[in-house]
Structure formats: structure tokens, C-alpha cells
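The file upload.tsv contains TSV, C-alpha atoms and all ligand atoms:
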chain	number	residue	atom	x	y	z
A	1	MET	CA	0.00	0.00	0.00
A	2	ASP	CA	2.97	2.32	0.70
A	3	GLY	CA	3.75	2.68	-3.01
A	4	LEU	CA	0.14	3.14	-4.01
A	5	TYR	CA	-0.91	5.97	-1.75
A	6	GLY	CA	0.40	9.18	-0.22
A	7	ASP	CA	0.86	9.46	3.54
A	8	SER	CA	-2.39	11.25	4.38
A	9	THR	CA	-4.32	8.63	2.41
A	10	ARG	CA	-2.44	5.91	4.25
A	11	SER	CA	-3.19	7.39	7.65
A	12	VAL	CA	-6.89	7.82	6.80
A	13	LYS	CA	-7.10	4.27	5.47
A	14	ALA	CA	-5.15	2.84	8.40
A	15	VAL	CA	-7.79	3.95	10.92
A	16	GLY	CA	-10.88	3.05	8.87
A	17	SER	CA	-13.08	0.05	9.58
A	18	GLU	CA	-14.47	-2.55	7.17
A	19	PRO	CA	-17.41	-1.02	5.22
A	20	VAL	CA	-20.14	-3.19	6.77
A	21	SER	CA	-23.58	-1.63	6.45
A	22	GLY	CA	-24.88	-0.23	9.73
A	23	THR	CA	-21.54	-0.37	11.60
A	24	PRO	CA	-19.57	2.76	12.65
A	25	VAL	CA	-17.05	4.17	10.17
A	26	VAL	CA	-14.56	4.54	13.03
A	27	SER	CA	-14.44	1.80	15.65
A	28	PRO	CA	-15.66	2.91	19.09
A	29	PRO	CA	-13.41	2.17	22.11
A	30	VAL	CA	-13.86	-1.12	23.95
A	31	LEU	CA	-13.55	-0.08	27.59
A	32	ALA	CA	-13.16	-3.42	29.31
A	33	SER	CA	-10.83	-5.04	31.79
A	34	THR	CA	-12.75	-8.32	31.94
A	35	PHE	CA	-14.31	-10.43	29.18
A	36	HIS	CA	-16.72	-13.36	29.34
A	37	LEU	CA	-15.07	-16.77	29.22
A	38	SER	CA	-16.64	-19.86	27.71
A	39	PRO	CA	-17.93	-22.45	30.24
A	40	ASN	CA	-16.04	-25.18	28.32
A	41	GLU	CA	-12.79	-23.22	28.81
A	42	ALA	CA	-12.10	-22.73	25.07
A	43	GLU	CA	-9.83	-19.64	24.93
A	44	PRO	CA	-11.47	-16.50	23.51
A	45	LEU	CA	-9.27	-13.88	21.85
A	46	ASP	CA	-9.88	-11.42	24.67
A	47	LYS	CA	-9.81	-12.57	28.28
A	48	TYR	CA	-8.34	-9.82	30.40
A	49	GLY	CA	-7.34	-6.24	29.61
A	50	ARG	CA	-3.61	-6.63	30.37
A	51	TYR	CA	-3.35	-9.42	27.77
A	52	SER	CA	-5.20	-7.83	24.86
A	53	ASN	CA	-7.98	-5.47	23.89
A	54	PRO	CA	-9.86	-5.03	20.57
A	55	THR	CA	-9.03	-1.27	20.52
A	56	TRP	CA	-5.31	-2.07	20.86
A	57	ARG	CA	-5.58	-4.42	17.92
A	58	ARG	CA	-7.12	-1.70	15.71
A	59	LEU	CA	-4.43	0.74	16.78
A	60	GLU	CA	-1.60	-1.78	16.43
A	61	SER	CA	-2.61	-2.76	12.93
A	62	ALA	CA	-2.73	0.95	11.93
A	63	LEU	CA	0.74	1.59	13.42
A	64	ALA	CA	2.20	-1.52	11.79
A	65	GLU	CA	0.73	-0.40	8.47
A	66	LEU	CA	2.24	3.11	8.77
A	67	GLU	CA	5.70	1.86	9.85
A	68	GLY	CA	5.76	-0.90	7.21
A	69	ALA	CA	5.97	-3.62	9.89
A	70	ALA	CA	4.44	-7.06	10.33
A	71	ALA	CA	3.30	-6.23	13.87
A	72	ALA	CA	3.03	-3.47	16.46
A	73	LEU	CA	2.66	-3.43	20.24
A	74	VAL	CA	1.31	-0.38	22.06
A	75	PHE	CA	2.53	0.72	25.49
A	76	GLY	CA	1.56	3.17	28.21
A	77	SER	CA	4.32	5.62	27.16
A	78	GLY	CA	7.30	5.93	24.84
A	79	MET	CA	9.58	5.17	27.81
A	80	ALA	CA	7.56	2.02	28.60
A	81	ALA	CA	8.05	0.85	25.00
A	82	ILE	CA	11.79	1.62	24.98
A	83	THR	CA	12.59	0.16	28.39
A	84	SER	CA	10.58	-2.96	27.64
A	85	VAL	CA	12.67	-3.56	24.50
A	86	LEU	CA	15.89	-2.88	26.42
A	87	ARG	CA	14.92	-5.35	29.16
A	88	VAL	CA	14.26	-8.01	26.53
A	89	LEU	CA	17.45	-7.42	24.53
A	90	ALA	CA	20.08	-6.16	26.98
A	91	LYS	CA	20.65	-9.06	29.38
A	92	PRO	CA	23.44	-9.09	32.02
A	93	GLY	CA	26.79	-9.34	30.21
A	94	ALA	CA	25.50	-7.63	27.05
A	95	LYS	CA	26.96	-4.45	25.61
A	96	LEU	CA	24.38	-1.75	24.88
A	97	VAL	CA	25.08	1.45	22.93
A	98	VAL	CA	22.77	4.42	23.56
A	99	PRO	CA	22.94	7.92	22.09
A	100	ALA	CA	24.81	10.49	24.23
A	101	ASP	CA	22.86	13.24	22.48
A	102	GLY	CA	19.40	11.64	22.32
A	103	TYR	CA	16.43	11.69	24.67
A	104	HIS	CA	18.04	12.07	28.10
A	105	GLN	CA	15.79	9.73	30.09
A	106	VAL	CA	16.75	6.74	27.94
A	107	ARG	CA	20.41	7.01	28.94
A	108	ARG	CA	19.40	7.63	32.54
A	109	TYR	CA	17.42	4.37	32.50
A	110	ALA	CA	20.31	2.48	30.92
A	111	LYS	CA	22.82	3.85	33.45
A	112	GLU	CA	20.65	3.67	36.56
A	113	TYR	CA	18.81	0.37	35.99
A	114	LEU	CA	20.61	-1.74	33.36
A	115	ALA	CA	24.26	-1.03	34.21
A	116	PRO	CA	23.88	-2.16	37.87
A	117	GLN	CA	22.51	-5.47	36.54
A	118	GLY	CA	25.67	-6.19	34.56
A	119	VAL	CA	24.86	-4.56	31.20
A	120	THR	CA	27.81	-2.62	29.77
A	121	VAL	CA	26.28	0.72	28.78
A	122	VAL	CA	28.21	2.82	26.25
A	123	GLU	CA	27.07	6.35	25.44
A	124	ALA	CA	28.03	7.41	21.92
A	125	ALA	CA	27.51	10.63	20.01
A	126	SER	CA	25.09	9.98	17.17
A	127	SER	CA	27.74	11.11	14.67
A	128	ALA	CA	29.95	8.23	15.96
A	129	MET	CA	27.29	5.52	16.30
A	130	CYS	CA	28.76	3.20	13.68
A	131	ALA	CA	32.19	3.18	15.34
A	132	ALA	CA	30.68	2.69	18.80
A	133	ALA	CA	28.53	-0.18	17.58
A	134	VAL	CA	31.57	-2.47	17.15
A	135	ASP	CA	31.13	-5.51	19.45
A	136	ALA	CA	27.79	-4.22	20.73
A	137	ASP	CA	24.96	-6.68	21.28
A	138	VAL	CA	22.30	-3.99	21.11
A	139	VAL	CA	22.44	-0.56	19.47
A	140	LEU	CA	19.76	2.03	20.14
A	141	ALA	CA	19.85	4.93	17.66
A	142	GLU	CA	17.67	8.03	17.60
A	143	THR	CA	17.38	10.08	14.42
A	144	PRO	CA	16.99	13.01	14.09
A	145	THR	CA	18.25	13.30	17.66
A	146	ASN	CA	16.25	15.13	20.27
A	147	PRO	CA	17.20	17.92	20.81
A	148	GLY	CA	20.27	18.52	18.57
A	149	LEU	CA	18.72	17.19	15.31
A	150	ASP	CA	21.75	15.22	14.14
A	151	VAL	CA	20.88	12.51	11.64
A	152	VAL	CA	22.29	8.97	11.89
A	153	ASP	CA	23.06	7.16	8.62
A	154	LEU	CA	20.59	4.30	9.12
A	155	HIS	CA	21.52	2.27	6.01
A	156	ARG	CA	25.14	2.19	7.08
A	157	LEU	CA	24.44	1.53	10.75
A	158	ALA	CA	22.02	-1.30	9.88
A	159	MET	CA	24.60	-2.88	7.57
A	160	ASP	CA	27.31	-2.66	10.26
A	161	CYS	CA	24.97	-4.13	12.89
A	162	ARG	CA	23.94	-6.99	10.60
A	163	ARG	CA	27.55	-7.83	9.81
A	164	ARG	CA	28.46	-7.95	13.50
A	165	GLY	CA	25.29	-9.70	14.64
A	166	SER	CA	24.05	-6.79	16.80
A	167	THR	CA	20.38	-5.92	17.14
A	168	LEU	CA	19.51	-2.44	15.91
A	169	VAL	CA	16.66	-0.55	17.55
A	170	VAL	CA	15.69	2.87	16.19
A	171	ASP	CA	13.71	5.51	18.07
A	172	ASN	CA	11.46	7.04	15.39
A	173	THR	CA	9.76	9.63	17.61
A	174	THR	CA	11.06	12.82	16.00
A	175	ALA	CA	10.78	11.63	12.38
A	176	THR	CA	7.51	9.65	12.69
A	177	PRO	CA	6.65	7.03	10.05
A	178	PHE	CA	5.71	9.93	7.75
A	179	GLY	CA	9.31	11.10	7.84
A	180	GLN	CA	11.12	7.76	7.61
A	181	GLN	CA	10.61	4.02	7.95
A	182	PRO	CA	13.69	2.59	9.73
A	183	LEU	CA	12.56	-1.03	9.29
A	184	SER	CA	12.83	-0.61	5.52
A	185	MET	CA	16.47	0.46	6.03
A	186	GLY	CA	17.38	-2.63	8.06
A	187	ALA	CA	16.47	-1.81	11.69
A	188	ASP	CA	15.32	-4.84	13.69
A	189	LEU	CA	12.84	-2.92	15.84
A	190	VAL	CA	11.41	0.58	15.91
A	191	VAL	CA	10.39	2.17	19.20
A	192	ALA	CA	8.64	5.52	19.55
A	193	SER	CA	6.71	7.89	21.71
A	194	ALA	CA	3.23	8.34	20.21
A	195	THR	CA	2.73	11.16	22.72
A	196	LYS	CA	4.20	13.54	20.13
A	197	ALA	CA	3.14	14.10	16.51
A	198	LEU	CA	1.13	10.89	16.08
A	199	SER	CA	-1.35	11.73	18.83
A	200	GLY	CA	-0.63	15.38	18.14
A	201	HIS	CA	-3.08	17.09	20.51
A	202	SER	CA	-1.01	17.24	23.72
A	203	ASP	CA	-3.62	15.20	25.56
A	204	LEU	CA	-2.24	11.67	26.00
A	205	ILE	CA	0.90	9.64	26.71
A	206	ALA	CA	1.55	6.51	24.63
A	207	GLY	CA	4.32	4.52	23.00
A	208	TYR	CA	4.81	1.62	20.61
A	209	VAL	CA	7.21	-1.00	19.29
A	210	VAL	CA	7.03	-2.27	15.71
A	211	GLY	CA	8.96	-5.06	14.05
A	212	SER	CA	8.79	-7.99	11.72
A	213	HIS	CA	10.76	-10.73	13.60
A	214	PRO	CA	8.00	-12.90	15.15
A	215	ASP	CA	10.24	-14.18	17.99
A	216	LEU	CA	11.42	-10.72	18.95
A	217	MET	CA	7.90	-9.30	18.91
A	218	ALA	CA	6.59	-12.27	20.92
A	219	ALA	CA	9.29	-11.67	23.56
A	220	VAL	CA	8.37	-7.97	23.81
A	221	GLU	CA	4.69	-8.89	24.07
A	222	GLN	CA	5.44	-11.30	26.94
A	223	GLU	CA	7.43	-8.57	28.67
A	224	ARG	CA	4.50	-6.15	28.32
A	225	LEU	CA	2.11	-8.74	29.69
A	226	LEU	CA	4.26	-9.48	32.74
A	227	ALA	CA	5.56	-5.96	33.46
A	228	GLY	CA	2.11	-4.53	32.74
A	229	ALA	CA	3.12	-1.24	31.09
A	230	ILE	CA	-0.06	-1.24	29.01
A	231	LEU	CA	-2.02	1.54	27.33
A	232	GLY	CA	-5.56	2.15	28.59
A	233	PRO	CA	-8.21	1.42	25.92
A	234	PHE	CA	-9.53	4.98	26.03
A	235	GLU	CA	-6.07	6.44	25.27
A	236	ALA	CA	-5.67	3.77	22.59
A	237	TRP	CA	-8.88	4.95	20.99
A	238	LEU	CA	-7.91	8.65	21.24
A	239	LEU	CA	-4.61	7.82	19.56
A	240	LEU	CA	-6.32	5.81	16.82
A	241	ARG	CA	-8.65	8.74	16.22
A	242	SER	CA	-5.69	11.14	16.01
A	243	LEU	CA	-3.75	8.91	13.61
A	244	GLY	CA	-6.27	9.62	10.85
A	245	SER	CA	-5.14	13.25	10.66
A	246	ALA	CA	-1.50	12.67	11.62
A	247	GLY	CA	-0.19	12.73	8.03
A	248	LEU	CA	-1.91	16.05	7.39
A	249	ARG	CA	-0.71	17.61	10.65
A	250	PHE	CA	2.85	16.38	10.22
A	251	ASP	CA	2.98	17.81	6.70
A	252	ARG	CA	2.06	21.26	8.02
A	253	GLN	CA	4.52	20.99	10.91
A	254	CYS	CA	7.33	20.13	8.47
A	255	GLN	CA	6.33	22.96	6.14
A	256	ASN	CA	6.35	25.40	9.09
A	257	ALA	CA	9.71	24.07	10.31
A	258	GLN	CA	11.32	24.48	6.90
A	259	ALA	CA	10.02	28.05	6.50
A	260	LEU	CA	11.07	29.03	10.01
A	261	ALA	CA	14.54	27.48	9.65
A	262	VAL	CA	15.09	29.39	6.40
A	263	MET	CA	14.03	32.67	8.04
A	264	LEU	CA	16.09	32.16	11.23
A	265	ARG	CA	19.22	31.10	9.34
A	266	THR	CA	19.97	34.69	8.33
A	267	HIS	CA	18.40	36.44	11.31
A	268	PRO	CA	20.91	38.65	13.18
A	269	SER	CA	19.60	37.57	16.64
A	270	VAL	CA	20.17	33.89	15.93
A	271	ARG	CA	23.67	32.42	16.40
A	272	TRP	CA	22.96	29.20	14.54
A	273	VAL	CA	20.11	26.98	13.35
A	274	ARG	CA	19.96	23.21	12.91
A	275	TYR	CA	17.28	21.69	10.67
A	276	PRO	CA	17.93	18.65	8.47
A	277	GLY	CA	15.90	20.28	5.68
A	278	LEU	CA	18.32	23.22	5.29
A	279	PRO	CA	20.60	22.53	2.30
A	280	ASP	CA	23.70	23.61	4.26
A	281	ASP	CA	22.85	21.67	7.44
A	282	PRO	CA	25.57	19.09	8.31
A	283	SER	CA	22.86	16.37	8.30
A	284	HIS	CA	21.16	17.37	5.06
A	285	GLN	CA	22.84	14.92	2.73
A	286	ILE	CA	22.08	11.81	4.82
A	287	ALA	CA	18.62	13.17	5.63
A	288	THR	CA	17.73	13.47	1.95
A	289	GLN	CA	18.80	9.84	1.42
A	290	GLN	CA	16.63	8.39	4.16
A	291	MET	CA	13.89	10.87	5.04
A	292	LYS	CA	10.74	11.82	3.17
A	293	ARG	CA	10.09	14.80	5.41
A	294	PHE	CA	12.56	16.53	7.72
A	295	GLY	CA	10.35	16.83	10.78
A	296	GLY	CA	8.67	19.50	12.86
A	297	LEU	CA	11.58	20.44	15.17
A	298	VAL	CA	14.09	23.26	14.70
A	299	ALA	CA	17.09	23.76	17.03
A	300	ILE	CA	18.51	27.26	17.53
A	301	GLU	CA	20.92	29.17	19.70
A	302	LEU	CA	20.19	32.78	20.63
A	303	LYS	CA	22.43	35.21	22.57
A	304	ASP	CA	21.62	34.00	26.08
A	305	ALA	CA	18.89	32.47	28.25
A	306	ASP	CA	17.09	35.83	28.59
A	307	SER	CA	16.79	36.10	24.80
A	308	VAL	CA	14.93	32.77	24.78
A	309	HIS	CA	12.60	33.95	27.56
A	310	ALA	CA	12.04	37.25	25.71
A	311	LEU	CA	11.18	35.38	22.51
A	312	VAL	CA	8.35	33.54	24.29
A	313	ASP	CA	7.21	36.64	26.20
A	314	ARG	CA	6.96	38.81	23.08
A	315	SER	CA	5.35	36.18	20.87
A	316	ALA	CA	1.59	36.01	20.45
A	317	LEU	CA	1.68	32.37	19.27
A	318	LEU	CA	4.52	30.59	21.06
A	319	VAL	CA	4.00	28.62	24.26
A	320	ALA	CA	6.70	27.21	26.54
A	321	THR	CA	6.35	23.42	26.88
A	322	THR	CA	8.63	20.44	27.19
A	323	SER	CA	6.97	18.26	24.61
A	324	PHE	CA	6.57	18.48	20.84
A	325	GLY	CA	4.37	17.29	17.98
A	326	GLY	CA	1.23	19.10	19.16
A	327	ILE	CA	-0.87	21.58	17.21
A	328	HIS	CA	0.63	24.61	19.06
A	329	THR	CA	4.11	25.88	18.27
A	330	SER	CA	6.24	25.67	21.39
A	331	VAL	CA	9.72	26.38	22.71
A	332	ASP	CA	11.82	24.44	25.22
A	333	ARG	CA	15.13	25.57	26.73
A	334	ARG	CA	16.62	22.09	27.01
A	335	ILE	CA	19.40	22.89	29.47
A	336	ARG	CA	16.82	22.95	32.24
A	337	TRP	CA	16.29	19.18	31.73
A	338	GLY	CA	20.02	18.42	31.76
A	339	ASP	CA	20.63	18.07	28.02
A	340	PRO	CA	24.23	18.77	26.99
A	341	VAL	CA	23.41	22.10	25.31
A	342	SER	CA	24.12	25.78	26.01
A	343	ASP	CA	22.06	28.13	28.10
A	344	ALA	CA	20.85	29.92	24.97
A	345	PHE	CA	19.83	26.74	23.11
A	346	ALA	CA	16.12	26.38	22.30
A	347	ARG	CA	14.22	23.56	20.65
A	348	ILE	CA	11.29	24.90	18.68
A	349	ALA	CA	8.46	22.45	18.02
A	350	LEU	CA	6.31	23.61	15.14
A	351	GLY	CA	2.55	23.38	15.34
A	352	ILE	CA	-0.04	23.57	12.58
A	353	GLU	CA	-0.67	27.33	12.56
A	354	ASP	CA	-0.59	29.15	9.20
A	355	THR	CA	3.00	29.44	8.05
A	356	ASP	CA	2.84	33.19	7.29
A	357	ASP	CA	1.39	33.95	10.72
A	358	LEU	CA	4.19	32.05	12.44
A	359	ILE	CA	6.96	33.68	10.45
A	360	SER	CA	5.57	37.18	11.10
A	361	ASP	CA	5.17	36.34	14.79
A	362	PHE	CA	8.78	35.15	15.11
A	363	GLU	CA	10.05	38.21	13.22
A	364	ARG	CA	8.16	40.50	15.58
A	365	ALA	CA	9.20	38.60	18.72
A	366	LEU	CA	12.90	38.53	17.78
A	367	GLN	CA	13.14	42.24	17.05
A	401	LIG	C1	12.98	10.85	21.19
A	401	LIG	C2	12.11	10.46	22.35
A	401	LIG	N1	11.99	9.17	22.66
A	401	LIG	C3	11.21	8.78	23.70
A	401	LIG	C4	10.54	9.69	24.47
A	401	LIG	C5	9.71	9.22	25.64
A	401	LIG	O1	8.35	9.28	25.33
A	401	LIG	P1	7.19	9.38	26.44
A	401	LIG	O2	7.28	10.72	27.06
A	401	LIG	O3	5.95	9.12	25.65
A	401	LIG	O4	7.46	8.30	27.43
A	401	LIG	C6	10.63	11.04	24.17
A	401	LIG	C7	9.93	12.04	24.98
A	401	LIG	O5	10.09	13.23	24.82
A	401	LIG	C8	11.45	11.44	23.08
A	401	LIG	O6	11.60	12.73	22.75
For this file, write the structure as C-alpha cells.
Amino acid sequence: MDGLYGDSTRSVKAVGSEPVSGTPVVSPPVLASTFHLSPNEAEPLDKYGRYSNPTWRRLESALAELEGAAAALVFGSGMAAITSVLRVLAKPGAKLVVPADGYHQVRRYAKEYLAPQGVTVVEAASSAMCAAAVDADVVLAETPTNPGLDVVDLHRLAMDCRRRGSTLVVDNTTATPFGQQPLSMGADLVVASATKALSGHSDLIAGYVVGSHPDLMAAVEQERLLAGAILGPFEAWLLLRSLGSAGLRFDRQCQNAQALAVMLRTHPSVRWVRYPGLPDDPSHQIATQQMKRFGGLVAIELKDADSVHALVDRSALLVATTSFGGIHTSVDRRIRWGDPVSDAFARIALGIEDTDDLISDFERALQ
């Protein structure tokens, strides 16, 4: 289906139901913890809400479809999805490589929970992932990285991992399946936070794992069942509902990001801009080889912390938040969360406002 249709068509189709006369066009949520069992003890598909739920299945088949995977598993958060995969793959004695410049709580988990159990945790800059992956059992890559927006060469990393027998896991949160499909480039598993652009309305927390190795997916499913980091059926339904418009929203976010990056690149108040869609960005060449869209995040450095605060104060559209992918354009000064960036660094997460309005607002606010 990927070759046949564009991304908005794919997201609309992925959340549709079978056209059966008299049934709802979009499946309603199944809010149940407990299901009837048969008196003769034959196993029904659904027994108990931690094992499975019909709304999860609808959502999982839509996510698998969008990521080009055989199967998907939804989780209660992006961190639940990522840590579940790490617990399955990184056993005591294993060597795990995590990005030094990616989402900070992933390396905290690896250092604080996996390392004490005998996992060798190596933090590597995303630009040096391939070199760091030598002898690793598990490599977790994030691309574009949050917050620095460096792009990892996924074809090359996947080839290196395959040659050495390491398992490659890619965090696809910032790119989304509308930006890139890491499984098609050789990743073994994709993990992501669906809290961001896929849900897109800043109103729920969710995560997922997709893959096509049946044994690997079965192991992750067992882990979810036993650890219990499940997604509630109502959130699953909200996410399914949001997925239908995710392609459309992500397109606008990318369009806004590109226009803003171009404007900021020559603005006298801006020291530097990183956006993989800028032709002179250090990541542009690899990004054009592996990404269809360059994402809704722009990284900038202003003069100092006060300049970032002033930008938000003077803007009529910007809000200060520590998430991204929502409909509102927002700014986050990442140093406050411990990211290895300067005081004047800001991550801008583009929303779906009209592009011209945003550009004029930024111009006014930066004056
Ligand atoms: C790249 C990346 N991965 C994973 C996560 C964790 O997702 P969640 O907050 O849904 O647990 C985040 C959250 O910001 C993220 O930016």
C-alpha cells in the first residue's frame, strides 16, 4: 500500500473500519478489563485487559501499516516501549550502545537500571554511532536526535549491525513514520513515543514498538504482559482517532519548520540553526537519502537564556512546553532538563498554525 498511496491517504485508510452496512465508520473504544469466558474453557481472543484489547488491535494494525511492519505493540508511554525492549534485549553481560545526544531519560534508565545489573552501557555521540557499535549486542539509535537534530546514517548503521550480529533498535519519535521508515532500512525494531506528533493534541501519553521478527515481537509482548506497562483502551482509541489526521498535521509541521529554519538562518539575533531540511545543514545529505520529510523540530541558539525567555514573552503564538508534535508551536530551553546544550539553546516544536502567521510572529518577537 505504501507505493500506491500518499501518507495522508495511508493514515486515513489505516484507521478506517471494514465497510459493513450499519456499523460505525470509526471503531468505538472497547472499555473493558474483563471479558466473558466460555464455560467449556475454550480460549477466547480477549480474556483480560492486560493481555489484549480489541481497541489495541485496531491501533496496532494501523501503526504496523504506517511503519511498514508485520506487527506493532502499544505501550503506556514511549519510555515504557523503549525500556521494555531494552529489558528483553540487553541481558546481564550484554553491551548496549545508547545515544549520548538523544532523549536524556533513555540514557538515565540504561545507566541507573541496566548497568547495575551487569549490562555494559556505552554512550556514543550519534555522529559516531557506527564506530561505537563495534562488538555491541544492542544498538539504540535516535534520528533526528532530540534535541540537537543530528541525523544517523541508518543504512550504514544497519549494515554494520547486521555484519556484527548486533540488534539495531531505532527511536522514530522525531521523524515519525511519515518522515522515515527505519525497518525498511534494516532496523530490527522501531520504538517511539506516540505522545508527540502521532497523537498530536497534547492530551495523551503513549508509545509503541514495531517489528517484523516474530520471535522478537513475541518476547516484547510477553514482557509487556508481565511488566504490565499497558495503554488504557480509552487512550488507545484517542490515539487511533488522532492517527487519521496525523499525516496532514505532520505535513504542516514540516512545512512550518522548513520556512522558520530558512528565516532564522539569516536572522541577526540567531547564532545558529539546525534543521535537516536546510541545504547547508551538516545532516542534510544523509537526511535526503533516508527521510521523506525533515520533521517539525528546529534547534537554535540565541544570545543568552534571557533572549529565549524574551522570545516567548513577546510572541503572540509561542508557548513554553517540554513536549513536541502538538498543534501549538512551542519552545523548550533544554538545558533545564540536563541536556548537553548551552544556556541559549532552544528547541522549537512547530505546530499547525498558518506558516505566514508564524513567520511574522517570530520576526516580531525577535526584534
Ligand atoms: C525521542 C524520544 N523518545 C522517547 C521519548 C519518551 O516518550 P514518552 O514521554 O511518551 O514516554 C521522548 C519524549 O520526549 C522522546 O523525545
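As for CA of Gly102 (chain A) and CA of Asn146 (chain A), they are spaced 5.1 Å apart.
Closest approach to Tyr103 (chain A) from the set A:Ala305, A:Leu231, A:Ala32, A:Met79 is made by A:Met79, with distances taken over all atoms listed in the file.
Note that the spacing between CA of Thr34 (chain A) and CA of Ser193 (chain A) amounts to 27.3 Å.
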(message) Show me, as an MDAnalysis selection string, the residues that have an atom within 8 Å of Arg347 (chain A) when counting all atoms listed in the file, minus same-chain residues fewer than 5 positions from it.
(response) chainID A and resid 147 297:300 331:334
(request) All residues within 9 Å of ligand LIG 401 (chain A) are required, counting all atoms listed in the file; please report them as a VMD selection string. (result) chain A and resid 76 to 82 102 to 106 142 to 147 171 to 174 191 to 196 204 to 207 322 to 324
Write the selection just made, keeping C-alpha atoms, as an mmCIF file, in the frame of the given file?
data_model
loop_
_atom_site.group_PDB
_atom_site.id
_atom_site.type_symbol
_atom_site.label_atom_id
_atom_site.label_comp_id
_atom_site.auth_asym_id
_atom_site.auth_seq_id
_atom_site.Cartn_x
_atom_site.Cartn_y
_atom_site.Cartn_z
ATOM 1 C CA GLY A 76 1.560 3.170 28.210
ATOM 2 C CA SER A 77 4.320 5.620 27.160
ATOM 3 C CA GLY A 78 7.300 5.930 24.840
ATOM 4 C CA MET A 79 9.580 5.170 27.810
ATOM 5 C CA ALA A 80 7.560 2.020 28.600
ATOM 6 C CA ALA A 81 8.050 0.850 25.000
ATOM 7 C CA ILE A 82 11.790 1.620 24.980
ATOM 8 C CA GLY A 102 19.400 11.640 22.320
ATOM 9 C CA TYR A 103 16.430 11.690 24.670
ATOM 10 C CA HIS A 104 18.040 12.070 28.100
ATOM 11 C CA GLN A 105 15.790 9.730 30.090
ATOM 12 C CA VAL A 106 16.750 6.740 27.940
ATOM 13 C CA GLU A 142 17.670 8.030 17.600
ATOM 14 C CA THR A 143 17.380 10.080 14.420
ATOM 15 C CA PRO A 144 16.990 13.010 14.090
ATOM 16 C CA THR A 145 18.250 13.300 17.660
ATOM 17 C CA ASN A 146 16.250 15.130 20.270
ATOM 18 C CA PRO A 147 17.200 17.920 20.810
ATOM 19 C CA ASP A 171 13.710 5.510 18.070
ATOM 20 C CA ASN A 172 11.460 7.040 15.390
ATOM 21 C CA THR A 173 9.760 9.630 17.610
ATOM 22 C CA THR A 174 11.060 12.820 16.000
ATOM 23 C CA VAL A 191 10.390 2.170 19.200
ATOM 24 C CA ALA A 192 8.640 5.520 19.550
ATOM 25 C CA SER A 193 6.710 7.890 21.710
ATOM 26 C CA ALA A 194 3.230 8.340 20.210
ATOM 27 C CA THR A 195 2.730 11.160 22.720
ATOM 28 C CA LYS A 196 4.200 13.540 20.130
ATOM 29 C CA LEU A 204 -2.240 11.670 26.000
ATOM 30 C CA ILE A 205 0.900 9.640 26.710
ATOM 31 C CA ALA A 206 1.550 6.510 24.630
ATOM 32 C CA GLY A 207 4.320 4.520 23.000
ATOM 33 C CA THR A 322 8.630 20.440 27.190
ATOM 34 C CA SER A 323 6.970 18.260 24.610
ATOM 35 C CA PHE A 324 6.570 18.480 20.840
#
(message) Report as a ChimeraX atom specification all protein, DNA and RNA residues lying within 10 Å of Ala218 (chain A), evaluated on only C-alpha atoms, omitting residues in the same chain fewer than 5 positions from it.
(response) /A:71,73,213,223-224
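Distance annotation: of A:Ala316, A:Ile327, A:Leu366, A:Gly228, the residue with the minimal separation from Pro268 (chain A) is A:Leu366; atom set is only C-alpha atoms.
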Neighbours of Ala133 (chain A) within 12 Å (all atoms listed in the file; same-chain residues fewer than 6 positions away dropped), as an mmCIF file with C-alpha atoms, in the frame of the given file?
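Final output, result.cif:
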data_model
loop_
_atom_site.group_PDB
_atom_site.id
_atom_site.type_symbol
_atom_site.label_atom_id
_atom_site.label_comp_id
_atom_site.auth_asym_id
_atom_site.auth_seq_id
_atom_site.Cartn_x
_atom_site.Cartn_y
_atom_site.Cartn_z
ATOM 1 C CA LYS A 95 26.960 -4.450 25.610
ATOM 2 C CA LEU A 96 24.380 -1.750 24.880
ATOM 3 C CA VAL A 97 25.080 1.450 22.930
ATOM 4 C CA VAL A 98 22.770 4.420 23.560
ATOM 5 C CA PRO A 99 22.940 7.920 22.090
ATOM 6 C CA VAL A 121 26.280 0.720 28.780
ATOM 7 C CA VAL A 122 28.210 2.820 26.250
ATOM 8 C CA GLU A 123 27.070 6.350 25.440
ATOM 9 C CA ALA A 124 28.030 7.410 21.920
ATOM 10 C CA ALA A 125 27.510 10.630 20.010
ATOM 11 C CA SER A 126 25.090 9.980 17.170
ATOM 12 C CA SER A 127 27.740 11.110 14.670
ATOM 13 C CA VAL A 139 22.440 -0.560 19.470
ATOM 14 C CA LEU A 140 19.760 2.030 20.140
ATOM 15 C CA ALA A 141 19.850 4.930 17.660
ATOM 16 C CA ARG A 156 25.140 2.190 7.080
ATOM 17 C CA LEU A 157 24.440 1.530 10.750
ATOM 18 C CA ALA A 158 22.020 -1.300 9.880
ATOM 19 C CA MET A 159 24.600 -2.880 7.570
ATOM 20 C CA ASP A 160 27.310 -2.660 10.260
ATOM 21 C CA CYS A 161 24.970 -4.130 12.890
ATOM 22 C CA ARG A 162 23.940 -6.990 10.600
ATOM 23 C CA ARG A 163 27.550 -7.830 9.810
ATOM 24 C CA ARG A 164 28.460 -7.950 13.500
ATOM 25 C CA GLY A 165 25.290 -9.700 14.640
ATOM 26 C CA SER A 166 24.050 -6.790 16.800
ATOM 27 C CA THR A 167 20.380 -5.920 17.140
ATOM 28 C CA LEU A 168 19.510 -2.440 15.910
ATOM 29 C CA VAL A 169 16.660 -0.550 17.550
#
(request) Return the single residue from A:Tyr5, A:Tyr208, A:Phe362, A:Tyr48 that is closest to Met263 (chain A), with distances computed using all atoms listed in the file. (result) A:Phe362
(request) Would you kindly return, as a ChimeraX atom specification, each protein, DNA or RNA residue with an atom no farther than 10 Å from any atom of Asn53 (chain A), considering only C-alpha atoms and excluding same-chain residues fewer than 6 positions away? (result) /A:29-35,45-47,231-233,236
